[in-house]
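This is data15.tsv. It holds TSV, C-alpha atoms and all ligand atoms.
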```
chain	number	residue	atom	x	y	z
A	486	MET	CA	4.66	-21.48	-3.13
A	487	ASN	CA	1.48	-21.27	-5.04
A	488	ALA	CA	1.92	-17.99	-6.86
A	489	MET	CA	0.77	-19.28	-10.21
A	490	THR	CA	-2.83	-19.59	-9.10
A	491	CYS	CA	-4.28	-16.17	-9.53
A	492	PRO	CA	-7.61	-16.09	-7.70
A	493	GLY	CA	-5.99	-16.52	-4.31
A	494	THR	CA	-3.44	-13.77	-4.77
A	495	THR	CA	-5.51	-10.97	-3.32
A	496	ARG	CA	-6.51	-12.96	-0.28
A	497	ARG	CA	-2.94	-13.96	0.37
A	498	LEU	CA	-1.81	-10.37	0.23
A	499	ARG	CA	-4.46	-9.29	2.67
A	500	ALA	CA	-3.40	-11.99	5.08
A	501	GLY	CA	-0.29	-9.88	5.69
A	502	GLY	CA	-2.43	-7.07	7.00
A	503	ASP	CA	-2.10	-8.03	10.64
A	504	ARG	CA	1.50	-6.84	10.70
A	505	PRO	CA	2.19	-3.43	12.24
A	506	ARG	CA	0.32	-0.90	10.16
A	507	ARG	CA	3.28	1.29	9.38
A	508	HIS	CA	5.17	-1.45	7.58
A	509	GLY	CA	2.16	-3.29	6.28
A	510	LYS	CA	1.63	-1.10	3.26
A	511	ALA	CA	5.21	-1.31	2.11
A	512	ILE	CA	5.24	-5.06	2.58
A	513	ILE	CA	1.99	-5.45	0.71
A	514	ALA	CA	3.30	-3.26	-2.09
A	515	ALA	CA	6.47	-5.33	-2.28
A	516	LEU	CA	4.45	-8.54	-2.29
A	517	ALA	CA	2.19	-7.15	-4.97
A	518	VAL	CA	5.19	-6.50	-7.19
A	519	ILE	CA	6.60	-9.96	-6.54
A	520	PHE	CA	3.28	-11.66	-7.22
A	521	ALA	CA	2.76	-9.53	-10.30
A	522	VAL	CA	6.09	-10.70	-11.66
A	523	LEU	CA	5.75	-14.33	-10.62
A	524	GLY	CA	2.10	-14.92	-10.97
A	525	LEU	CA	-0.05	-12.55	-12.96
A	526	ALA	CA	2.02	-12.72	-16.12
A	527	GLY	CA	0.61	-16.17	-16.77
A	528	CYS	CA	-3.00	-15.28	-16.06
A	529	GLY	CA	-3.95	-13.00	-18.86
A	530	SER	CA	-5.30	-10.79	-16.12
A	531	SER	CA	-6.12	-7.25	-17.10
A	532	ALA	CA	-5.87	-5.98	-13.55
A	533	PRO	CA	-3.52	-3.00	-13.41
A	534	THR	CA	-0.55	-3.38	-11.10
A	535	SER	CA	0.47	0.26	-10.87
A	536	SER	CA	2.09	0.37	-7.47
A	537	SER	CA	5.18	2.16	-8.76
A	538	THR	CA	5.65	5.92	-8.57
A	539	VAL	CA	8.10	6.08	-11.50
A	540	VAL	CA	6.10	6.43	-14.68
A	541	THR	CA	7.91	4.97	-17.64
A	542	SER	CA	5.09	3.94	-19.92
A	543	ALA	CA	1.46	4.82	-20.26
A	544	THR	CA	-1.67	3.97	-22.15
A	545	PRO	CA	-4.02	6.78	-23.08
A	546	LYS	CA	-7.26	8.04	-21.65
A	547	ILE	CA	-9.92	8.01	-24.30
A	548	GLU	CA	-11.76	11.32	-24.62
A	549	ASN	CA	-14.34	11.67	-27.39
A	550	GLY	CA	-12.64	8.93	-29.35
A	551	VAL	CA	-9.21	10.55	-29.08
A	552	GLN	CA	-6.31	8.84	-27.29
A	553	VAL	CA	-5.04	11.40	-24.80
A	554	PHE	CA	-1.63	11.34	-23.13
A	555	ASN	CA	-0.48	13.70	-20.39
A	556	VAL	CA	3.30	14.01	-20.56
A	557	VAL	CA	5.54	15.97	-18.20
A	558	GLY	CA	8.86	17.44	-19.27
A	559	THR	CA	11.02	17.27	-16.18
A	560	ALA	CA	13.79	19.41	-14.73
A	561	ALA	CA	16.09	16.40	-15.19
A	562	LEU	CA	15.43	16.61	-18.94
A	563	LYS	CA	13.26	13.54	-19.26
A	564	PHE	CA	9.80	12.82	-20.58
A	565	SER	CA	7.48	11.23	-18.02
A	566	PRO	CA	6.16	8.90	-19.25
A	567	SER	CA	8.73	8.28	-21.95
A	568	THR	CA	6.89	5.40	-23.62
A	569	LEU	CA	3.41	6.05	-24.94
A	570	ILE	CA	1.44	2.99	-26.01
A	571	ALA	CA	-1.51	3.59	-28.31
A	572	GLY	CA	-3.50	2.13	-31.11
A	573	PRO	CA	-3.89	3.56	-34.59
A	574	GLY	CA	-6.00	6.69	-34.76
A	575	LYS	CA	-6.15	10.14	-33.32
A	576	ILE	CA	-3.75	11.04	-30.52
A	577	THR	CA	-3.53	14.13	-28.33
A	578	VAL	CA	-0.41	14.85	-26.30
A	579	ASN	CA	-0.75	17.39	-23.50
A	580	LEU	CA	2.73	18.54	-22.52
A	581	THR	CA	3.32	20.23	-19.19
A	582	VAL	CA	6.65	21.31	-17.73
A	583	GLU	CA	7.76	20.50	-14.23
A	584	SER	CA	8.45	23.33	-11.81
A	585	GLY	CA	12.10	24.38	-11.99
A	586	SER	CA	12.52	22.97	-15.48
A	587	PRO	CA	13.55	24.79	-18.64
A	588	PRO	CA	11.03	24.82	-21.53
A	589	HIS	CA	10.49	21.67	-23.58
A	590	ASN	CA	8.66	20.60	-26.68
A	591	LEU	CA	7.64	17.18	-27.91
A	592	VAL	CA	8.28	16.34	-31.54
A	593	VAL	CA	7.54	12.97	-33.11
A	594	GLU	CA	10.16	13.18	-35.80
A	595	SER	CA	8.60	11.01	-38.48
A	596	ILE	CA	4.99	12.15	-38.14
A	597	SER	CA	4.13	15.33	-39.90
A	598	GLY	CA	2.38	17.79	-37.61
A	599	ALA	CA	3.14	15.82	-34.43
A	600	ARG	CA	4.97	18.69	-32.79
A	601	THR	CA	4.03	20.86	-29.83
A	602	ASP	CA	5.09	24.44	-29.47
A	603	PHE	CA	7.54	25.11	-26.66
A	604	ALA	CA	5.90	24.57	-23.30
A	605	SER	CA	7.07	26.23	-20.12
A	606	VAL	CA	6.12	25.86	-16.47
A	607	ASP	CA	3.15	28.20	-16.72
A	608	ARG	CA	2.34	27.44	-20.33
A	609	PRO	CA	1.36	23.88	-21.22
A	610	ARG	CA	1.02	22.95	-24.87
A	611	SER	CA	-0.94	20.34	-26.77
A	612	VAL	CA	-0.88	18.73	-30.17
A	613	THR	CA	-3.29	16.37	-31.88
A	614	PHE	CA	-2.33	14.15	-34.79
A	615	THR	CA	-3.29	10.88	-36.45
A	616	VAL	CA	-1.18	7.76	-36.84
A	617	ASP	CA	-2.41	4.75	-38.75
A	618	LYS	CA	0.67	2.64	-39.21
A	619	PRO	CA	1.81	0.39	-36.34
A	620	GLY	CA	5.39	0.82	-35.25
A	621	ASN	CA	7.70	2.63	-32.87
A	622	TYR	CA	8.00	6.35	-33.38
A	623	ARG	CA	10.76	8.24	-31.60
A	624	PHE	CA	9.99	11.62	-30.09
A	625	VAL	CA	12.41	14.23	-28.80
A	626	CYS	CA	12.65	17.67	-27.30
A	627	THR	CA	14.41	19.71	-29.94
A	628	ILE	CA	16.30	21.87	-27.44
A	629	HIS	CA	17.43	18.89	-25.38
A	630	PRO	CA	18.26	16.21	-27.95
A	631	SER	CA	19.08	13.65	-25.24
A	632	MET	CA	15.47	13.94	-24.11
A	633	GLN	CA	13.74	11.15	-25.97
A	634	GLY	CA	10.77	8.87	-25.84
A	635	THR	CA	8.89	6.36	-27.94
A	636	LEU	CA	5.35	6.33	-29.20
A	637	THR	CA	4.36	2.72	-29.83
A	638	ILE	CA	1.42	2.11	-32.12
A	639	SER	CA	0.22	-1.48	-32.02
A	701	CU	CU	13.55	20.01	-23.47
```
Kindly present the structure from the file in structure tokens form.
Amino acid sequence: MNAMTCPGTTRRLRAGGDRPRRHGKAIIAALAVIFAVLGLAGCGSSAPTSSSTVVTSATPKIENGVQVFNVVGTAALKFSPSTLIAGPGKITVNLTVESGSPPHNLVVESISGARTDFASVDRPRSVTFTVDKPGNYRFVCTIHPSMQGTLTIS
């Protein structure tokens, strides 16, 4: 197998497209994951490979020079995404709460002012703060202490 050569990857995936249409997408998605793992890691490619529906980590959207994250507090008492990857500077976290979920907040424990008010299903909350020092910063929901995430500044 020739998975280490990147330019041909896309073409090879498309070659599977003559399978029955119903299964083709799933097969292509599975192949994409396999090729991403086997092949793209060595390429330095910046192509996103976001074929998964489970959001564990995210990079921000940049709006007016601010790094913006949209985080959902779920009914299962999780943050989605739970890992936020940013650079030093200004960060905004928009916290919404999933339907059927109790209220949540998002508090970065070691960063002064990095704390939303309690958000509920019909009341999203936001906070903006600045971080300059690279590192991993834990965040929690203060009413559900098992609900945790990490803000990585690199
Ligand atoms: Cu909570």
Under the rule of at most 10 Å, produce a per-residue listing of chain A near ligand CU 701 (chain A): chain, number, name, the closest pair of atoms, and the distance in Å, as JSON lines, using only C-alpha atoms and all ligand atoms.
```
{"residue": "A:Gly558", "atom": "CA", "partner": "A:CU701", "partner_atom": "CU", "distance": 6.8}
{"residue": "A:Thr559", "atom": "CA", "partner": "A:CU701", "partner_atom": "CU", "distance": 8.2}
{"residue": "A:Ala560", "atom": "CA", "partner": "A:CU701", "partner_atom": "CU", "distance": 8.8}
{"residue": "A:Ala561", "atom": "CA", "partner": "A:CU701", "partner_atom": "CU", "distance": 9.4}
{"residue": "A:Leu562", "atom": "CA", "partner": "A:CU701", "partner_atom": "CU", "distance": 6.0}
{"residue": "A:Lys563", "atom": "CA", "partner": "A:CU701", "partner_atom": "CU", "distance": 7.7}
{"residue": "A:Phe564", "atom": "CA", "partner": "A:CU701", "partner_atom": "CU", "distance": 8.6}
{"residue": "A:Val582", "atom": "CA", "partner": "A:CU701", "partner_atom": "CU", "distance": 9.1}
{"residue": "A:Ser586", "atom": "CA", "partner": "A:CU701", "partner_atom": "CU", "distance": 8.6}
{"residue": "A:Pro587", "atom": "CA", "partner": "A:CU701", "partner_atom": "CU", "distance": 6.8}
{"residue": "A:Pro588", "atom": "CA", "partner": "A:CU701", "partner_atom": "CU", "distance": 5.8}
{"residue": "A:His589", "atom": "CA", "partner": "A:CU701", "partner_atom": "CU", "distance": 3.5}
{"residue": "A:Asn590", "atom": "CA", "partner": "A:CU701", "partner_atom": "CU", "distance": 5.9}
{"residue": "A:Leu591", "atom": "CA", "partner": "A:CU701", "partner_atom": "CU", "distance": 7.9}
{"residue": "A:Phe603", "atom": "CA", "partner": "A:CU701", "partner_atom": "CU", "distance": 8.5}
{"residue": "A:Ala604", "atom": "CA", "partner": "A:CU701", "partner_atom": "CU", "distance": 8.9}
{"residue": "A:Ser605", "atom": "CA", "partner": "A:CU701", "partner_atom": "CU", "distance": 9.6}
{"residue": "A:Val625", "atom": "CA", "partner": "A:CU701", "partner_atom": "CU", "distance": 7.9}
{"residue": "A:Cys626", "atom": "CA", "partner": "A:CU701", "partner_atom": "CU", "distance": 4.6}
{"residue": "A:Thr627", "atom": "CA", "partner": "A:CU701", "partner_atom": "CU", "distance": 6.5}
{"residue": "A:Ile628", "atom": "CA", "partner": "A:CU701", "partner_atom": "CU", "distance": 5.2}
{"residue": "A:His629", "atom": "CA", "partner": "A:CU701", "partner_atom": "CU", "distance": 4.5}
{"residue": "A:Pro630", "atom": "CA", "partner": "A:CU701", "partner_atom": "CU", "distance": 7.5}
{"residue": "A:Ser631", "atom": "CA", "partner": "A:CU701", "partner_atom": "CU", "distance": 8.6}
{"residue": "A:Met632", "atom": "CA", "partner": "A:CU701", "partner_atom": "CU", "distance": 6.4}
{"residue": "A:Gln633", "atom": "CA", "partner": "A:CU701", "partner_atom": "CU", "distance": 9.2}
```
*For the atom pair atom CA of A:Thr544 and atom CA of A:Ile570, what is the interatomic distance in Å to one decimal place?*
5.1 Å
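Note that atom CA of A:Phe614 and atom CA of A:Gly550 are 12.8 Å apart.
In terms of minimum interatomic distance to A:Gly572, A:Gln552 ranks closest within A:Thr601, A:Gln552, A:Ser542, A:Ser611, counting all atoms listed in the file.
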*Which residues come within 8 Å of A:Gly574, counting all atoms listed in the file, excluding same-chain residues fewer than 3 positions away, as a PyMOL selection string?*
chain A and resi 551-552+615-617
Write the residues you've just listed into a file as a short mmCIF file (atom, residue, chain, number, x, y, z; two decimals), keeping the file's coordinate frame, and include C-alpha atoms for each of them.
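What landed in out.cif:
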```cif
data_model
loop_
_atom_site.label_atom_id
_atom_site.label_comp_id
_atom_site.auth_asym_id
_atom_site.auth_seq_id
_atom_site.Cartn_x
_atom_site.Cartn_y
_atom_site.Cartn_z
CA VAL A 551 -9.21 10.55 -29.08
CA GLN A 552 -6.31 8.84 -27.29
CA THR A 615 -3.29 10.88 -36.45
CA VAL A 616 -1.18 7.76 -36.84
CA ASP A 617 -2.41 4.75 -38.75
#
```
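The interatomic distance for the pair atom CA of A:Arg623 and atom CA of A:Leu569 works out to 10.2 Å.
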*Go through A:Thr541, A:Thr637, A:Asn555, A:Ser584 one by one, measure the shortest atom-to-atom distance of each to A:Ala571 using only C-alpha atoms, and give the residue with the smallest value.*
A:Thr637
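Of the residues under consideration (A:Lys618, A:Thr568, A:Ser595, A:Lys575), A:Thr568 shows the shortest atom-to-atom contact distance to A:Leu636 when counting only C-alpha atoms.
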